[in-house]
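> I'd like to ask you about the structure that follows.
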Number of protein chains: 2
Amino acid sequence: MKVFYDETIKKRMSHVKHKIVVMSGKGGVGKSTVAANLAVAFARMGRQVGLMDADFHGPSIPKILGVQGLQPQVSPTGIYPIIAELGIRVISIDFFLPTSDSPVIWRGPLKMSAIRQFLSDVEWGELDYLFVDLPPGTGDEPLSVMQLIPGIDGVVIVTAPSDLSQYVVKKAVSMAQKMNVRVLGIVENMSGFVCPNCGASYNLLGSGGGERISKEMNVPFLGKIPIDPSISEDTDEGTPFIVKHHDSAAAKAFMDIVEKIAKAVEGEKT
Amino acid sequence: MKVFYDETIKKRMSHVKHKIVVMSGKGGVGKSTVAANLAVAFARMGRQVGLMDADFHGPSIPKILGVQGLQPQVSPTGIYPIIAELGIRVISIDFFLPTSDSPVIWRGPLKMSAIRQFLSDVEWGELDYLFVDLPPGTGDEPLSVMQLIPGIDGVVIVTAPSDLSQYVVKKAVSMAQKMNVRVLGIVENMSGFVCPNCGASYNLLGSGGGERISKEMNVPFLGKIPIDPSISEDTDEGTPFIVKHHDSAAAKAFMDIVEKIAKAVEGEKT
């Protein structure tokens with residue numbers, strides 16, 4: 001497959017130490033929640049972090065980080081990203097829509113040029129990490145992101161525990177492998193629910209899908225995040241759950257995953 | 001927006017009484033599960049049913065209906081759909097992939113021509129209902145389906161109960177409205193969980209999103225389907241949950257929704 005880097009993208013990206021793509025293949029597995037909380041976790045560890053929302057049809061990052069409705073400043077040299085808490089630099093199509101109901105009814109080529117603009121025209125500045133949140137699927141957006149960003153450190157792949165998710169998410173692993181992009185590992189989200197009242201535990205959305213992908217496709221397993229109603233509430237309120245509910249089992253599981261990613265990416269260069 | 005119908009598509013579709021599109025805008029809300037169970041419900045009511053899986057990156061219909069791995073026969077006049085239980089005629093990109101892990105790394109124009117082929121080259125025959133399961137988003141696939149199929153009866157829009165889902169799913173409602181396609185109504189899936197052990201109830205994935213969309217966008221609300229671990233199990237096993245667990249609260253809620261759709265679509269013409 002032909003790989004081409006625009007010169008301006010190459011220049012902007014040369015100021016970004018690590019580029020990590022969060023993808024899934026399947027929607028609704030909490031990919032954007034994972035991407036946003038990864039950005040927050042690394043920012044809390046003192047890193048300079050950027051987060052690019054490459055989901056044009058369902059941009060969720062601004063809502064999750066509580067910066068919905070803001071409008072980026074534009075200068076002759078480029079577009080300034082919105083600065084969320086902890087200095088996280090965010091860009092999303094959502095900032096450019098007239099209303100929150102407005103659908104982006106775009107075919108592939110338009111999405112490709114928007115991704116190119118997000119990479120070349122945004123004043124990302126010096127970053128330790130740029131996270132990219134991809135939409136579901138293995139179509140135009142992941143293809144463009146993987147072709148346009150030089151030196152991607154790797155992809156984090158999010159799945160739900162069911163067989164059905166596993167089946168679709170494996171395609172994302174295959175895609176990354178075909179494109180020669182390293183798979184940092186699999187995160188299993190929405191994994192089991194413990195009734196806070198009686199302690200009974202349920203696999204509401206199946207079980208074990210993440211570990212099965214990891215074994216069958218020979219990629220690392222990063223961990224499981226249990227279902228926790230407070231994650232959905234925090235997400236709806238625009239507060240990252242790892243900050244608001246840092247003592248929860250879900251937040252602890254998440255921080256273990258963060259540690260593994262940091263080690264996989266930074267460990268190599270120290 | 002320019003609407004063009006290929007002649008062959010027009011001819012094939014003239015043998016289909018009702019065309020219903022299932023979409024969501026957001027992934028992972030159970031859209032494919034809803035589409036497959038709608039097909040099964042109408043087939044059990046004695047209707048001739050076809051189901052076209054227009055999700056190329058995450059085709060789930062064959063797995064949900066237990067017909068994964070089968071290969072359609074091809075004749076000089078067209079491709080024969082796979083016949084699932086109750087005579088449901090199914091077509092999906094999944095039937096044409098070398099392995100279940102194979103990703104379909106396609107940009108938009110290729111997906112458009114695949115949709116065109118599914119509509120023009122498949123021997124759908126005489127149908128009372130053709131259901132189309134769309135991927136998440138408001139991009140190439142929904143656009144092609146809405147432009148190519150003449151006389152769509154309407155779209156059923158599936159959401160999860162959270163604010164975040166509501167926010168993304170409203171874009172799908174807007175898209176249908178912009179394309180002058182009738183919105184049959186909103187289905188809220190994954191709506192609350194009652195602990196089978198102690199009876200405590202939880203809104204695991206938020207609450208009320210479906211009703212809020214319905215009110216704000218002035219479209220009918222079709223009903224709520226509660227979270228039920230057996231839905232995920234049945235889906236993973238390839239048995240529609242409305243058949244295997246027809247006594248469950250989820251199946252009953254689903255059948256109410258089916259009745260409303262049948263009335264909305266068939267009621268008009270009687």
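Following the order of the structure tokens, first chain is A, next is B, and so on, with residues numbered from 1 inside each chain and ligands from 1 in the order they appear.
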So which bits of stretch 59-160 of chain A end up alpha helix (DSSP H) when you DSSP the backbone, as a ChimeraX atom specification?

/A:61-64,108-120,140-148

> Can you tell me which residues surround stretch 227-241 of chain B at a distance of at most 9 Å, considering only C-alpha atoms, apart from same-chain residues fewer than 4 positions away, and format the answer as number ranges by chain?

A: 162-164, 202-206; B: 33, 36-37, 40, 62-68, 189-194, 204, 245-246, 248-251

> Keeping N, CA and C atoms, export the residues of the selection given above as an mmCIF file, in the first residue's frame.


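Result file is part.cif:
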```
data_model
loop_
_atom_site.group_PDB
_atom_site.id
_atom_site.type_symbol
_atom_site.label_atom_id
_atom_site.label_comp_id
_atom_site.auth_asym_id
_atom_site.auth_seq_id
_atom_site.Cartn_x
_atom_site.Cartn_y
_atom_site.Cartn_z
ATOM 1 N N SER A 162 -17.860 -9.596 24.368
ATOM 2 C CA SER A 162 -18.656 -10.604 23.651
ATOM 3 C C SER A 162 -17.913 -11.213 22.468
ATOM 4 N N ASP A 163 -18.381 -12.407 22.058
ATOM 5 C CA ASP A 163 -17.873 -13.067 20.852
ATOM 6 C C ASP A 163 -18.047 -12.176 19.641
ATOM 7 N N LEU A 164 -19.228 -11.532 19.591
ATOM 8 C CA LEU A 164 -19.546 -10.707 18.427
ATOM 9 C C LEU A 164 -18.545 -9.558 18.306
ATOM 10 N N TYR A 202 -22.153 -10.550 37.097
ATOM 11 C CA TYR A 202 -22.754 -10.941 35.825
ATOM 12 C C TYR A 202 -21.855 -10.552 34.665
ATOM 13 N N ASN A 203 -21.823 -11.402 33.656
ATOM 14 C CA ASN A 203 -21.175 -11.027 32.402
ATOM 15 C C ASN A 203 -22.253 -10.510 31.465
ATOM 16 N N LEU A 204 -22.570 -9.235 31.597
ATOM 17 C CA LEU A 204 -23.709 -8.692 30.858
ATOM 18 C C LEU A 204 -23.490 -8.700 29.358
ATOM 19 N N LEU A 205 -22.271 -8.488 28.972
ATOM 20 C CA LEU A 205 -21.995 -8.377 27.537
ATOM 21 C C LEU A 205 -20.995 -9.453 27.112
ATOM 22 N N GLY A 206 -21.215 -10.681 27.584
ATOM 23 C CA GLY A 206 -20.310 -11.778 27.244
ATOM 24 C C GLY A 206 -19.066 -11.752 28.118
ATOM 25 N N THR B 33 -28.355 -6.349 16.316
ATOM 26 C CA THR B 33 -29.227 -7.247 17.074
ATOM 27 C C THR B 33 -30.681 -6.847 16.854
ATOM 28 N N ALA B 36 -31.623 -7.826 13.148
ATOM 29 C CA ALA B 36 -31.807 -9.270 12.968
ATOM 30 C C ALA B 36 -33.094 -9.744 13.641
ATOM 31 N N ASN B 37 -33.367 -9.232 14.827
ATOM 32 C CA ASN B 37 -34.576 -9.668 15.526
ATOM 33 C C ASN B 37 -35.846 -9.087 14.897
ATOM 34 N N VAL B 40 -36.522 -11.479 12.086
ATOM 35 C CA VAL B 40 -37.082 -12.725 12.618
ATOM 36 C C VAL B 40 -38.539 -12.522 13.043
ATOM 37 N N PRO B 62 -24.656 -12.225 9.836
ATOM 38 C CA PRO B 62 -24.518 -13.674 9.662
ATOM 39 C C PRO B 62 -24.272 -14.407 10.988
ATOM 40 N N LYS B 63 -23.467 -13.813 11.849
ATOM 41 C CA LYS B 63 -23.211 -14.451 13.141
ATOM 42 C C LYS B 63 -24.475 -14.473 14.000
ATOM 43 N N ILE B 64 -25.192 -13.356 14.041
ATOM 44 C CA ILE B 64 -26.396 -13.286 14.884
ATOM 45 C C ILE B 64 -27.452 -14.280 14.400
ATOM 46 N N LEU B 65 -27.528 -14.497 13.081
ATOM 47 C CA LEU B 65 -28.530 -15.429 12.551
ATOM 48 C C LEU B 65 -27.986 -16.840 12.361
ATOM 49 N N GLY B 66 -26.757 -17.077 12.809
ATOM 50 C CA GLY B 66 -26.203 -18.432 12.749
ATOM 51 C C GLY B 66 -25.943 -18.952 11.345
ATOM 52 N N VAL B 67 -25.616 -18.057 10.396
ATOM 53 C CA VAL B 67 -25.333 -18.519 9.030
ATOM 54 C C VAL B 67 -23.924 -18.101 8.583
ATOM 55 N N GLN B 68 -23.056 -17.920 9.586
ATOM 56 C CA GLN B 68 -21.701 -17.504 9.282
ATOM 57 C C GLN B 68 -20.949 -18.577 8.507
ATOM 58 N N ASN B 189 -32.091 0.918 23.456
ATOM 59 C CA ASN B 189 -31.595 -0.413 23.801
ATOM 60 C C ASN B 189 -30.649 -0.310 24.999
ATOM 61 N N MET B 190 -30.409 -1.428 25.664
ATOM 62 C CA MET B 190 -29.494 -1.483 26.816
ATOM 63 C C MET B 190 -29.968 -0.539 27.912
ATOM 64 N N SER B 191 -31.278 -0.574 28.131
ATOM 65 C CA SER B 191 -31.918 0.402 28.986
ATOM 66 C C SER B 191 -32.172 -0.171 30.374
ATOM 67 N N GLY B 192 -31.223 0.026 31.268
ATOM 68 C CA GLY B 192 -31.407 -0.413 32.644
ATOM 69 C C GLY B 192 -31.161 -1.898 32.839
ATOM 70 N N PHE B 193 -30.788 -2.267 34.074
ATOM 71 C CA PHE B 193 -30.520 -3.667 34.407
ATOM 72 C C PHE B 193 -31.112 -3.951 35.782
ATOM 73 N N VAL B 194 -31.884 -5.035 35.848
ATOM 74 C CA VAL B 194 -32.436 -5.458 37.132
ATOM 75 C C VAL B 194 -31.654 -6.683 37.588
ATOM 76 N N LEU B 204 -27.111 1.291 33.983
ATOM 77 C CA LEU B 204 -25.675 1.095 33.767
ATOM 78 C C LEU B 204 -25.125 2.023 32.699
ATOM 79 N N HIS B 245 -35.497 -16.673 24.087
ATOM 80 C CA HIS B 245 -35.967 -16.159 25.378
ATOM 81 C C HIS B 245 -37.219 -15.310 25.180
ATOM 82 N N HIS B 246 -38.238 -15.936 24.551
ATOM 83 C CA HIS B 246 -39.423 -15.152 24.172
ATOM 84 C C HIS B 246 -40.244 -14.693 25.382
ATOM 85 N N SER B 248 -38.843 -13.382 28.105
ATOM 86 C CA SER B 248 -38.096 -12.370 28.864
ATOM 87 C C SER B 248 -38.731 -10.991 28.693
ATOM 88 N N ALA B 249 -38.440 -10.111 29.661
ATOM 89 C CA ALA B 249 -38.924 -8.726 29.572
ATOM 90 C C ALA B 249 -38.396 -8.072 28.303
ATOM 91 N N ALA B 250 -37.155 -8.409 27.944
ATOM 92 C CA ALA B 250 -36.546 -7.812 26.747
ATOM 93 C C ALA B 250 -37.315 -8.230 25.491
ATOM 94 N N ALA B 251 -37.656 -9.520 25.390
ATOM 95 C CA ALA B 251 -38.372 -10.003 24.201
ATOM 96 C C ALA B 251 -39.760 -9.379 24.119
#
```

> So that each row is one residue of chain B with an atom at most 6 Å from chain A, can you give its shortest atom pair and the distance in Å to one decimal, using only C-alpha atoms, rows by chain and rising number, as a tab-separated table?


```
residue	atom	partner	partner_atom	distance
B:Gly27	CA	A:Gly27	CA	3.7
B:Gly28	CA	A:Gly28	CA	3.6
B:His57	CA	A:Gly137	CA	4.8
B:Gly58	CA	A:Val168	CA	5.1
B:Asp101	CA	A:Lys171	CA	5.0
B:Ser102	CA	A:Lys171	CA	5.7
B:Pro103	CA	A:Lys171	CA	4.4
B:Ile105	CA	A:Thr138	CA	5.3
B:Trp106	CA	A:Gly139	CA	5.1
B:Arg107	CA	A:Asp140	CA	4.8
B:Gly108	CA	A:Gly108	CA	4.8
B:Gly137	CA	A:His57	CA	4.8
B:Thr138	CA	A:Ile105	CA	5.3
B:Gly139	CA	A:Trp106	CA	5.1
B:Asp140	CA	A:Arg107	CA	4.8
B:Asp163	CA	A:Asp236	CA	5.5
B:Leu164	CA	A:Asp236	CA	5.9
B:Val168	CA	A:Gly58	CA	5.1
B:Lys170	CA	A:Asp101	CA	5.5
B:Lys171	CA	A:Pro103	CA	4.4
B:Leu204	CA	A:Pro229	CA	4.4
B:Leu205	CA	A:Ser232	CA	5.6
B:Pro229	CA	A:Leu204	CA	4.4
B:Ser232	CA	A:Leu205	CA	5.6
B:Asp236	CA	A:Asp163	CA	5.5
```

> So how many Å separate atom CA of B:Val181 and atom CA of A:Leu97, to one decimal?

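Between these atoms lies a distance of 22.5 Å.
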
> Quick one: residues within 9 Å of stretch 182-188 of chain A, only C-alpha atoms, excluding same-chain residues fewer than 6 positions away - as an MDAnalysis selection string?

chainID A and resid 20 29 34 152:161 173 176 208:211 213:214 219:226 257 260:261 264:265

> With C-alpha atoms retained, could you export that selection as a PDB file, in the first residue's frame?


```
ATOM      1  CA  ILE A  20      -0.836   6.503  19.732  1.00  0.00           C
ATOM      2  CA  VAL A  29     -17.135  -0.376  23.152  1.00  0.00           C
ATOM      3  CA  VAL A  34     -10.630   5.054  26.772  1.00  0.00           C
ATOM      4  CA  ILE A 152       3.041   5.867  14.817  1.00  0.00           C
ATOM      5  CA  ASP A 153       4.187   4.206  18.061  1.00  0.00           C
ATOM      6  CA  GLY A 154       1.248   1.854  18.021  1.00  0.00           C
ATOM      7  CA  VAL A 155      -2.466   1.261  18.282  1.00  0.00           C
ATOM      8  CA  VAL A 156      -4.458   0.456  21.388  1.00  0.00           C
ATOM      9  CA  ILE A 157      -7.413  -1.713  20.441  1.00  0.00           C
ATOM     10  CA  VAL A 158     -10.581  -1.595  22.534  1.00  0.00           C
ATOM     11  CA  THR A 159     -13.158  -4.383  22.583  1.00  0.00           C
ATOM     12  CA  ALA A 160     -16.228  -5.441  24.522  1.00  0.00           C
ATOM     13  CA  PRO A 161     -16.130  -8.965  26.000  1.00  0.00           C
ATOM     14  CA  VAL A 173      -5.972  -6.023  14.609  1.00  0.00           C
ATOM     15  CA  ALA A 176      -3.000  -2.643  11.864  1.00  0.00           C
ATOM     16  CA  GLY A 208     -13.288 -13.216  27.693  1.00  0.00           C
ATOM     17  CA  GLY A 209     -13.376 -11.701  24.191  1.00  0.00           C
ATOM     18  CA  GLY A 210     -10.328  -9.501  24.776  1.00  0.00           C
ATOM     19  CA  GLU A 211      -8.110 -12.327  25.991  1.00  0.00           C
ATOM     20  CA  ILE A 213      -8.261 -11.878  20.549  1.00  0.00           C
ATOM     21  CA  SER A 214      -4.917 -11.423  22.252  1.00  0.00           C
ATOM     22  CA  VAL A 219      -0.816  -9.408  20.555  1.00  0.00           C
ATOM     23  CA  PRO A 220      -0.495  -8.214  24.198  1.00  0.00           C
ATOM     24  CA  PHE A 221      -3.518  -8.121  26.501  1.00  0.00           C
ATOM     25  CA  LEU A 222      -3.530  -4.866  28.460  1.00  0.00           C
ATOM     26  CA  GLY A 223      -6.393  -5.498  30.886  1.00  0.00           C
ATOM     27  CA  LYS A 224     -10.120  -5.485  31.613  1.00  0.00           C
ATOM     28  CA  ILE A 225     -12.266  -2.567  32.731  1.00  0.00           C
ATOM     29  CA  PRO A 226     -15.464  -3.595  34.557  1.00  0.00           C
ATOM     30  CA  ILE A 257      -3.354  -0.345  31.490  1.00  0.00           C
ATOM     31  CA  LYS A 260       1.669  -0.935  30.503  1.00  0.00           C
ATOM     32  CA  ILE A 261       1.266   1.454  27.585  1.00  0.00           C
ATOM     33  CA  ALA A 264       5.720  -0.263  26.036  1.00  0.00           C
ATOM     34  CA  VAL A 265       6.193   3.145  24.414  1.00  0.00           C
TER      35      VAL A 265
END
```

> Which of stretch 106-243 of chain A counts as strand (DSSP E) under DSSP, as a PyMOL selection string please?

chain A and resi 127-133+154-159+183-188+193-194+201-202+221-224

> Just the residues within 8 Å of B:Asp128, please, counting only C-alpha atoms, with nothing from its chain fewer than 2 positions along; format it as number ranges by chain.

B: 16-18, 47-49, 126, 130

> Hey, what's within 10 Å of A:Thr77 if we count only C-alpha atoms and toss same-chain stuff fewer than 4 positions away? As a list in words, please?

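The residues satisfying every condition are Asp121, Val122 and Glu123 of chain A.
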
> With N, CA, C and O atoms kept, could you save the residues just selected as a PDB file, in the first residue's frame?


```
ATOM      1  N   ASP A 121      -2.663  21.582   9.795  1.00  0.00           N
ATOM      2  CA  ASP A 121      -3.007  22.984  10.040  1.00  0.00           C
ATOM      3  C   ASP A 121      -3.232  23.302  11.510  1.00  0.00           C
ATOM      4  O   ASP A 121      -3.460  24.452  11.860  1.00  0.00           O
ATOM      5  N   VAL A 122      -3.189  22.301  12.376  1.00  0.00           N
ATOM      6  CA  VAL A 122      -3.414  22.565  13.800  1.00  0.00           C
ATOM      7  C   VAL A 122      -2.073  22.818  14.495  1.00  0.00           C
ATOM      8  O   VAL A 122      -1.094  22.112  14.264  1.00  0.00           O
ATOM      9  N   GLU A 123      -2.072  23.865  15.304  1.00  0.00           N
ATOM     10  CA  GLU A 123      -0.866  24.233  16.057  1.00  0.00           C
ATOM     11  C   GLU A 123      -0.711  23.309  17.255  1.00  0.00           C
ATOM     12  O   GLU A 123      -0.947  23.704  18.403  1.00  0.00           O
TER      13      GLU A 123
END
```
